[in-house]
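As provided, model_23.cif (mmCIF, C-alpha atoms) reads as follows.
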```cif
data_start
loop_
_atom_site.label_atom_id
_atom_site.label_comp_id
_atom_site.auth_asym_id
_atom_site.auth_seq_id
_atom_site.Cartn_x
_atom_site.Cartn_y
_atom_site.Cartn_z
CA MET A 1 -31.13 -162.49 41.27
CA GLN A 2 -34.28 -163.03 43.29
CA VAL A 3 -37.33 -164.42 41.50
CA LYS A 4 -39.81 -162.82 43.86
CA ASN A 5 -41.17 -159.61 42.30
CA SER A 6 -39.37 -160.32 39.01
CA VAL A 7 -40.88 -159.87 35.55
CA VAL A 8 -40.23 -162.94 33.43
CA LEU A 9 -40.56 -164.09 29.82
CA VAL A 10 -40.65 -167.87 29.32
CA THR A 11 -40.45 -169.17 25.75
CA GLY A 12 -42.17 -172.44 24.90
CA ALA A 13 -44.36 -171.95 27.95
CA ASN A 14 -47.34 -173.99 26.79
CA ARG A 15 -46.06 -177.42 27.86
CA GLY A 16 -43.24 -179.48 29.34
CA LEU A 17 -40.42 -177.66 31.04
CA GLY A 18 -41.74 -174.26 29.94
CA GLN A 19 -45.01 -174.84 31.74
CA ALA A 20 -43.08 -176.12 34.76
CA PHE A 21 -41.07 -172.90 34.81
CA VAL A 22 -44.28 -170.89 34.82
CA ASN A 23 -45.66 -172.91 37.74
CA ALA A 24 -42.43 -172.55 39.72
CA LEU A 25 -42.31 -168.81 39.04
CA LEU A 26 -45.88 -168.39 40.23
CA GLN A 27 -45.05 -170.29 43.41
CA GLU A 28 -41.98 -168.11 44.03
CA GLY A 29 -43.88 -164.84 43.67
CA ALA A 30 -42.89 -163.44 40.29
CA THR A 31 -44.78 -160.20 39.72
CA LYS A 32 -45.55 -160.82 36.05
CA ILE A 33 -44.97 -163.77 33.74
CA TYR A 34 -45.10 -163.42 29.98
CA ALA A 35 -45.89 -166.96 28.80
CA ALA A 36 -44.83 -167.24 25.18
CA ALA A 37 -45.82 -169.76 22.54
CA ARG A 38 -46.31 -169.87 18.77
CA ASP A 39 -50.04 -170.05 19.50
CA PRO A 40 -50.88 -168.05 22.64
CA ARG A 41 -54.24 -169.84 22.80
CA SER A 42 -52.29 -172.92 23.92
CA ILE A 43 -51.35 -171.14 27.17
CA THR A 44 -53.87 -172.49 29.68
CA LEU A 45 -52.36 -171.46 33.01
CA GLN A 46 -54.00 -168.68 35.01
CA GLY A 47 -52.13 -165.66 36.32
CA VAL A 48 -49.89 -165.16 33.28
CA VAL A 49 -49.77 -162.91 30.22
CA PRO A 50 -49.92 -165.05 27.05
CA ILE A 51 -47.94 -163.68 24.12
CA GLN A 52 -47.33 -164.91 20.59
CA LEU A 53 -43.68 -165.71 20.02
CA ASP A 54 -42.07 -167.96 17.46
CA VAL A 55 -38.39 -167.68 18.37
CA THR A 56 -37.43 -168.07 14.70
CA ASN A 57 -39.61 -165.13 13.65
CA ALA A 58 -37.90 -161.72 13.74
CA ALA A 59 -41.20 -159.82 13.79
CA ASP A 60 -42.45 -161.84 16.77
CA ILE A 61 -39.22 -161.16 18.66
CA ALA A 62 -39.39 -157.43 17.92
CA GLY A 63 -43.01 -157.39 19.05
CA ALA A 64 -42.16 -159.15 22.29
CA ALA A 65 -39.33 -156.71 23.00
CA SER A 66 -41.67 -153.78 22.40
CA ARG A 67 -44.27 -155.24 24.73
CA CYS A 68 -42.08 -156.60 27.53
CA THR A 69 -40.12 -153.46 28.39
CA ASP A 70 -40.35 -154.24 32.12
CA LEU A 71 -38.53 -157.58 31.82
CA THR A 72 -35.94 -158.64 34.41
CA LEU A 73 -35.60 -162.36 33.58
CA LEU A 74 -35.53 -164.09 30.18
CA ILE A 75 -35.86 -167.88 30.11
CA ASN A 76 -34.91 -169.30 26.71
CA ASN A 77 -36.68 -172.64 26.96
CA ALA A 78 -38.23 -173.22 23.53
CA GLY A 79 -36.55 -176.03 21.62
CA ILE A 80 -37.10 -178.69 18.99
CA TYR A 81 -35.72 -182.20 18.51
CA ARG A 82 -35.65 -183.91 15.10
CA SER A 83 -34.11 -187.26 16.15
CA THR A 84 -31.72 -187.29 13.19
CA ALA A 85 -28.26 -188.79 12.67
CA PHE A 86 -25.71 -186.79 10.69
CA LEU A 87 -25.67 -189.28 7.80
CA ALA A 88 -29.43 -189.87 7.71
CA PRO A 89 -31.51 -188.57 4.79
CA GLY A 90 -32.58 -184.99 5.40
CA SER A 91 -30.02 -184.39 8.14
CA ALA A 92 -28.99 -181.00 6.79
CA ASN A 93 -32.57 -179.75 6.90
CA ALA A 94 -33.03 -181.14 10.42
CA ALA A 95 -29.82 -179.47 11.58
CA ARG A 96 -30.87 -176.12 10.12
CA ALA A 97 -34.27 -176.30 11.80
CA GLU A 98 -32.77 -177.22 15.18
CA LEU A 99 -30.12 -174.52 14.96
CA GLU A 100 -32.73 -171.91 14.06
CA THR A 101 -34.77 -172.71 17.18
CA ASN A 102 -32.15 -173.96 19.65
CA PHE A 103 -29.30 -171.56 18.86
CA PHE A 104 -30.37 -168.62 16.72
CA GLY A 105 -33.60 -168.19 18.69
CA PRO A 106 -31.86 -167.64 22.05
CA LEU A 107 -29.26 -165.47 20.33
CA ALA A 108 -31.91 -163.23 18.76
CA LEU A 109 -33.86 -162.97 22.02
CA SER A 110 -30.70 -162.14 23.95
CA LEU A 111 -29.85 -159.40 21.46
CA ALA A 112 -33.37 -157.99 21.75
CA PHE A 113 -33.62 -158.10 25.52
CA ALA A 114 -30.09 -157.38 26.74
CA PRO A 115 -30.67 -153.59 26.59
CA ILE A 116 -34.01 -153.98 28.37
CA LEU A 117 -32.43 -156.08 31.13
CA LYS A 118 -29.68 -153.48 31.50
CA ALA A 119 -32.23 -150.68 31.80
CA ASN A 120 -34.07 -152.66 34.49
CA GLY A 121 -31.03 -153.27 36.66
CA GLY A 122 -29.29 -156.21 34.97
CA GLY A 123 -31.52 -159.18 35.65
CA ALA A 124 -30.73 -162.57 34.17
CA ILE A 125 -30.94 -164.87 31.16
CA VAL A 126 -31.50 -168.61 31.52
CA ASN A 127 -30.69 -170.87 28.57
CA VAL A 128 -32.08 -174.41 28.68
CA LEU A 129 -29.38 -176.70 27.33
CA SER A 130 -28.93 -180.48 27.55
CA VAL A 131 -26.56 -183.24 28.53
CA LEU A 132 -26.25 -183.58 24.75
CA SER A 133 -24.42 -180.25 24.74
CA TRP A 134 -21.42 -182.41 25.70
CA LEU A 135 -22.21 -185.75 24.06
CA ASN A 136 -23.29 -186.73 20.58
CA ILE A 137 -25.42 -189.81 19.98
CA SER A 138 -26.55 -190.87 16.52
CA ALA A 139 -30.24 -190.80 17.49
CA GLY A 140 -29.95 -187.08 18.14
CA ALA A 141 -26.78 -186.00 16.38
CA THR A 142 -28.11 -182.82 14.79
CA TYR A 143 -29.87 -181.84 18.03
CA SER A 144 -26.62 -182.36 19.94
CA ALA A 145 -24.84 -180.03 17.53
CA SER A 146 -27.45 -177.32 18.11
CA LYS A 147 -27.21 -177.66 21.89
CA SER A 148 -23.41 -177.56 21.76
CA ALA A 149 -23.73 -174.28 19.89
CA ALA A 150 -26.22 -173.03 22.49
CA TRP A 151 -23.80 -173.96 25.29
CA SER A 152 -21.06 -171.92 23.60
CA LEU A 153 -23.54 -169.06 23.18
CA THR A 154 -24.37 -169.21 26.88
CA ASN A 155 -20.72 -169.08 27.90
CA GLY A 156 -20.04 -166.20 25.53
CA LEU A 157 -23.06 -164.20 26.68
CA ARG A 158 -22.01 -164.63 30.28
CA GLY A 159 -18.79 -162.77 29.65
CA GLU A 160 -20.30 -160.09 27.44
CA LEU A 161 -23.20 -159.34 29.79
CA ARG A 162 -21.32 -159.44 33.07
CA PRO A 163 -20.33 -155.73 32.88
CA GLN A 164 -24.01 -154.70 32.78
CA GLY A 165 -24.85 -156.92 35.75
CA THR A 166 -26.80 -159.57 33.84
CA GLN A 167 -26.48 -163.10 35.21
CA VAL A 168 -26.41 -165.88 32.58
CA VAL A 169 -27.31 -169.43 33.63
CA GLY A 170 -27.00 -172.60 31.57
CA VAL A 171 -29.29 -175.51 32.50
CA HIS A 172 -28.09 -179.00 31.60
CA VAL A 173 -30.47 -181.94 31.95
CA GLY A 174 -30.82 -185.42 30.50
CA PHE A 175 -34.25 -186.97 30.18
CA MET A 176 -37.31 -185.24 31.60
CA ASP A 177 -40.85 -186.52 31.88
CA THR A 178 -42.13 -184.44 28.96
CA ASP A 179 -43.57 -185.04 25.49
CA MET A 180 -40.12 -184.73 23.93
CA ALA A 181 -38.88 -187.76 25.88
CA SER A 182 -42.13 -189.75 25.76
CA GLY A 183 -40.45 -192.63 23.92
CA VAL A 184 -37.50 -192.86 26.29
CA THR A 185 -37.47 -195.77 28.74
CA MET A 186 -34.56 -194.52 30.87
CA PRO A 187 -35.20 -192.78 34.21
CA LYS A 188 -36.62 -189.28 33.81
CA VAL A 189 -36.67 -186.29 36.12
CA ASP A 190 -39.67 -184.15 36.96
CA PRO A 191 -39.55 -180.90 34.94
CA LEU A 192 -40.87 -178.97 37.94
CA ASP A 193 -37.82 -180.10 39.92
CA VAL A 194 -35.56 -178.83 37.10
CA ALA A 195 -37.37 -175.48 37.14
CA ARG A 196 -37.04 -175.18 40.91
CA GLN A 197 -33.32 -176.02 40.79
CA THR A 198 -32.88 -173.27 38.23
CA LEU A 199 -34.63 -170.66 40.34
CA ILE A 200 -32.45 -171.62 43.31
CA ALA A 201 -29.34 -171.25 41.13
CA LEU A 202 -30.48 -167.77 40.12
CA ALA A 203 -30.94 -166.76 43.74
CA GLU A 204 -27.51 -168.15 44.65
CA GLY A 205 -25.75 -166.41 41.77
CA LYS A 206 -24.67 -169.63 40.07
CA ASP A 207 -23.73 -169.91 36.39
CA GLU A 208 -24.76 -173.49 35.74
CA VAL A 209 -27.38 -176.06 36.73
CA LEU A 210 -26.64 -179.78 36.47
CA ALA A 211 -30.20 -180.90 37.02
CA ASP A 212 -29.88 -184.69 37.17
CA ASP A 213 -27.42 -187.50 37.87
CA LEU A 214 -26.81 -188.07 34.16
CA SER A 215 -25.71 -184.48 33.57
CA ARG A 216 -23.50 -184.50 36.64
CA HIS A 217 -21.90 -187.81 35.60
CA VAL A 218 -21.24 -186.71 32.03
CA LYS A 219 -19.85 -183.30 33.05
CA GLN A 220 -17.47 -185.02 35.46
CA GLY A 221 -16.38 -187.41 32.73
CA LEU A 222 -15.50 -184.82 30.10
CA SER A 223 -11.85 -184.66 31.11
CA ALA A 224 -11.69 -188.45 30.85
CA GLY A 225 -12.97 -188.45 27.27
CA ALA A 226 -16.72 -188.94 27.76
CA TYR A 227 -17.39 -186.94 24.60
CA LEU A 228 -15.22 -189.41 22.67
CA GLY A 229 -17.49 -192.27 23.71
CA GLN A 230 -14.79 -193.75 25.91
CA VAL A 231 -16.46 -193.41 29.31
CA ALA A 232 -19.55 -195.37 30.34
#
```
Can you give me the file's structure in the form of structure tokens?
Amino acid sequence: MQVKNSVVLVTGANRGLGQAFVNALLQEGATKIYAAARDPRSITLQGVVPIQLDVTNAADIAGAASRCTDLTLLINNAGIYRSTAFLAPGSANAARAELETNFFGPLALSLAFAPILKANGGGAIVNVLSVLSWLNISAGATYSASKSAAWSLTNGLRGELRPQGTQVVGVHVGFMDTDMASGVTMPKVDPLDVARQTLIALAEGKDEVLADDLSRHVKQGLSAGAYLGQVA
């Protein structure tokens, strides 16, 4: 789909990659951008429509669906990271919280907006995933599990929504220069570059974005056992 003249909802739009998506959409000529956050007062960019949306809150999702009936593009960007190993104290609570935001949130939003996208010609859904959809490291084990679930969701939605003409794109990326990765010393990519790659993928009809060298390397290594920890 073409971004120019589209009507877009971006979750988690108040910072990081979400804010980068909004900037890229403005540059590409989107007609209207609903910039969603738990606190709409945190949306500081001009030229957007701030809306309140906690992706774990059913009432917020229903309200957004009622308001955004002109939507043609849904970007499921909102996510949380608890930095928890499976055997660490409190891991079950961390996993539940991450699954609620990173998996059930996109699922609920897709359920709410799929009929709206169909009514508006098909449009597209973008799910922001991670290189940790394919790998599990102890520092982010529960997060990895939630992103693996979100990857499976993305692949399933793609098949279910294809008959109504809705494109579904999964975005895999390693470390970005955002607050979430502020403590990471490894090379990071610019979130605006990730957003721009995603918009290009939409225009080209692609299903997947491998936004950095790390994601491309890991995806290539899956058949060689990268997910087993056997490939550097």
Per residue of region 74-131 of chain A within 12 Å of region 135-143 of chain A, what are the shortest atom pair and its distance in Å to one decimal, counting all atoms listed in the file, with rows by chain and residue number, as a tab-separated table?
```
residue	atom	partner	partner_atom	distance
A:Gly79	CA	A:Tyr143	CA	9.6
A:Ile80	CA	A:Tyr143	CA	7.9
A:Tyr81	CA	A:Tyr143	CA	5.9
A:Arg82	CA	A:Tyr143	CA	6.8
A:Ser83	CA	A:Gly140	CA	4.6
A:Thr84	CA	A:Gly140	CA	5.3
A:Ala85	CA	A:Ser138	CA	4.7
A:Phe86	CA	A:Ala141	CA	5.8
A:Leu87	CA	A:Ser138	CA	8.9
A:Ala88	CA	A:Ser138	CA	9.3
A:Gly90	CA	A:Thr142	CA	10.6
A:Ser91	CA	A:Thr142	CA	7.1
A:Ala92	CA	A:Thr142	CA	8.3
A:Asn93	CA	A:Thr142	CA	9.6
A:Ala94	CA	A:Thr142	CA	6.8
A:Ala95	CA	A:Thr142	CA	4.9
A:Arg96	CA	A:Thr142	CA	8.6
A:Ala97	CA	A:Tyr143	CA	9.4
A:Glu98	CA	A:Tyr143	CA	6.2
A:Leu99	CA	A:Tyr143	CA	7.9
A:Glu100	CA	A:Tyr143	CA	11.1
A:Thr101	CA	A:Tyr143	CA	10.4
A:Asn102	CA	A:Tyr143	CA	8.4
A:Phe103	CA	A:Tyr143	CA	10.3
A:Leu129	CA	A:Tyr143	CA	10.6
A:Ser130	CA	A:Leu135	CA	9.2
A:Val131	CA	A:Leu135	CA	6.7
```
Fill in: Å distance separating CA of Ile125 (chain A) from CA of Gln19 (chain A), one decimal place
17.3 Å
Discussion item. Please list as a list in words every residue within 9 Å of Gln197 (chain A), counting only C-alpha atoms and excluding residues in the same chain fewer than 3 positions away.
Written reply: Leu192, Asp193, Val194, Ile200, Ala201, Leu202, Val209, Leu210 and Ala211 of chain A
Discussion item. Running the PyMOL selection byres ((chain A and resi 154-169) around 7) on this model by hand, what would come out? Give it as a ChimeraX atom specification.
Written reply: /A:118,122-127,150-153,170-171,206-208
Those same residues - C-alpha atoms - I'd like them written as a JSON list (two decimals), in the coordinates of the input.
```
[["chain", "number", "residue", "atom", "x", "y", "z"],
["A", 118, "LYS", "CA", -29.68, -153.48, 31.50],
["A", 122, "GLY", "CA", -29.29, -156.21, 34.97],
["A", 123, "GLY", "CA", -31.52, -159.18, 35.65],
["A", 124, "ALA", "CA", -30.73, -162.57, 34.17],
["A", 125, "ILE", "CA", -30.94, -164.87, 31.16],
["A", 126, "VAL", "CA", -31.50, -168.61, 31.52],
["A", 127, "ASN", "CA", -30.69, -170.87, 28.57],
["A", 150, "ALA", "CA", -26.22, -173.03, 22.49],
["A", 151, "TRP", "CA", -23.80, -173.96, 25.29],
["A", 152, "SER", "CA", -21.06, -171.92, 23.60],
["A", 153, "LEU", "CA", -23.54, -169.06, 23.18],
["A", 170, "GLY", "CA", -27.00, -172.60, 31.57],
["A", 171, "VAL", "CA", -29.29, -175.51, 32.50],
["A", 206, "LYS", "CA", -24.67, -169.63, 40.07],
["A", 207, "ASP", "CA", -23.73, -169.91, 36.39],
["A", 208, "GLU", "CA", -24.76, -173.49, 35.74]]
```
Worksheet entry | Residue IDs satisfying the PyMOL selection byres ((chain A and resi 26-33) around 9), as a list in words |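 This file gives the following for the PyMOL selection byres ((chain A and resi 26-33) around 9): Val3, Lys4, Asn5, Ser6, Val7, Val8, Leu9, Val10, Phe21, Val22, Asn23, Ala24, Leu25, Tyr34, Ala35, Gly47, Val48, Val49, Pro50, Leu71 and Leu199 of chain A.
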Worksheet entry | One-decimal distance in Å that lies between CA of Gly174 (chain A) and CA of Pro187 (chain A) | 9.3 Å
Practice prompt. Enter the distance from CA of Asp60 (chain A) to CA of Leu107 (chain A), in Å, rounded to one decimal.
Written response: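 CA of Leu107 (chain A) lies 14.1 Å from CA of Asp60 (chain A).
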Fill in: Exercise: residues within 7 Å of coordinate (-42.3, -188.3, 37.3), counting all atoms listed in the file, as a ChimeraX atom specification
/A:177,188-190
Worksheet item: In terms of the shortest atom-to-atom distance over all atoms listed in the file, which of A:Lys147, A:His217, A:Arg15, A:Arg67 is closest to Ile116 (chain A)?
Response: A:Arg67
Item to complete: Do a neighbour search on Pro191 (chain A) at 9 Å with all atoms listed in the file, toss out local chain neighbours closer than 4 positions, and write the hits as an MDAnalysis selection string.
Response: chainID A and resid 16:21 176:178 195:196
Write out, as a compact mmCIF listing (two decimals), in the frame of the given file, the residues just selected, with C-alpha atoms.
```txt
# COMPACT_ATOMS: atom_id res chain seq x y z
CA GLY A 16 -43.24 -179.48 29.34
CA LEU A 17 -40.42 -177.66 31.04
CA GLY A 18 -41.74 -174.26 29.94
CA GLN A 19 -45.01 -174.84 31.74
CA ALA A 20 -43.08 -176.12 34.76
CA PHE A 21 -41.07 -172.90 34.81
CA MET A 176 -37.31 -185.24 31.60
CA ASP A 177 -40.85 -186.52 31.88
CA THR A 178 -42.13 -184.44 28.96
CA ALA A 195 -37.37 -175.48 37.14
CA ARG A 196 -37.04 -175.18 40.91
```
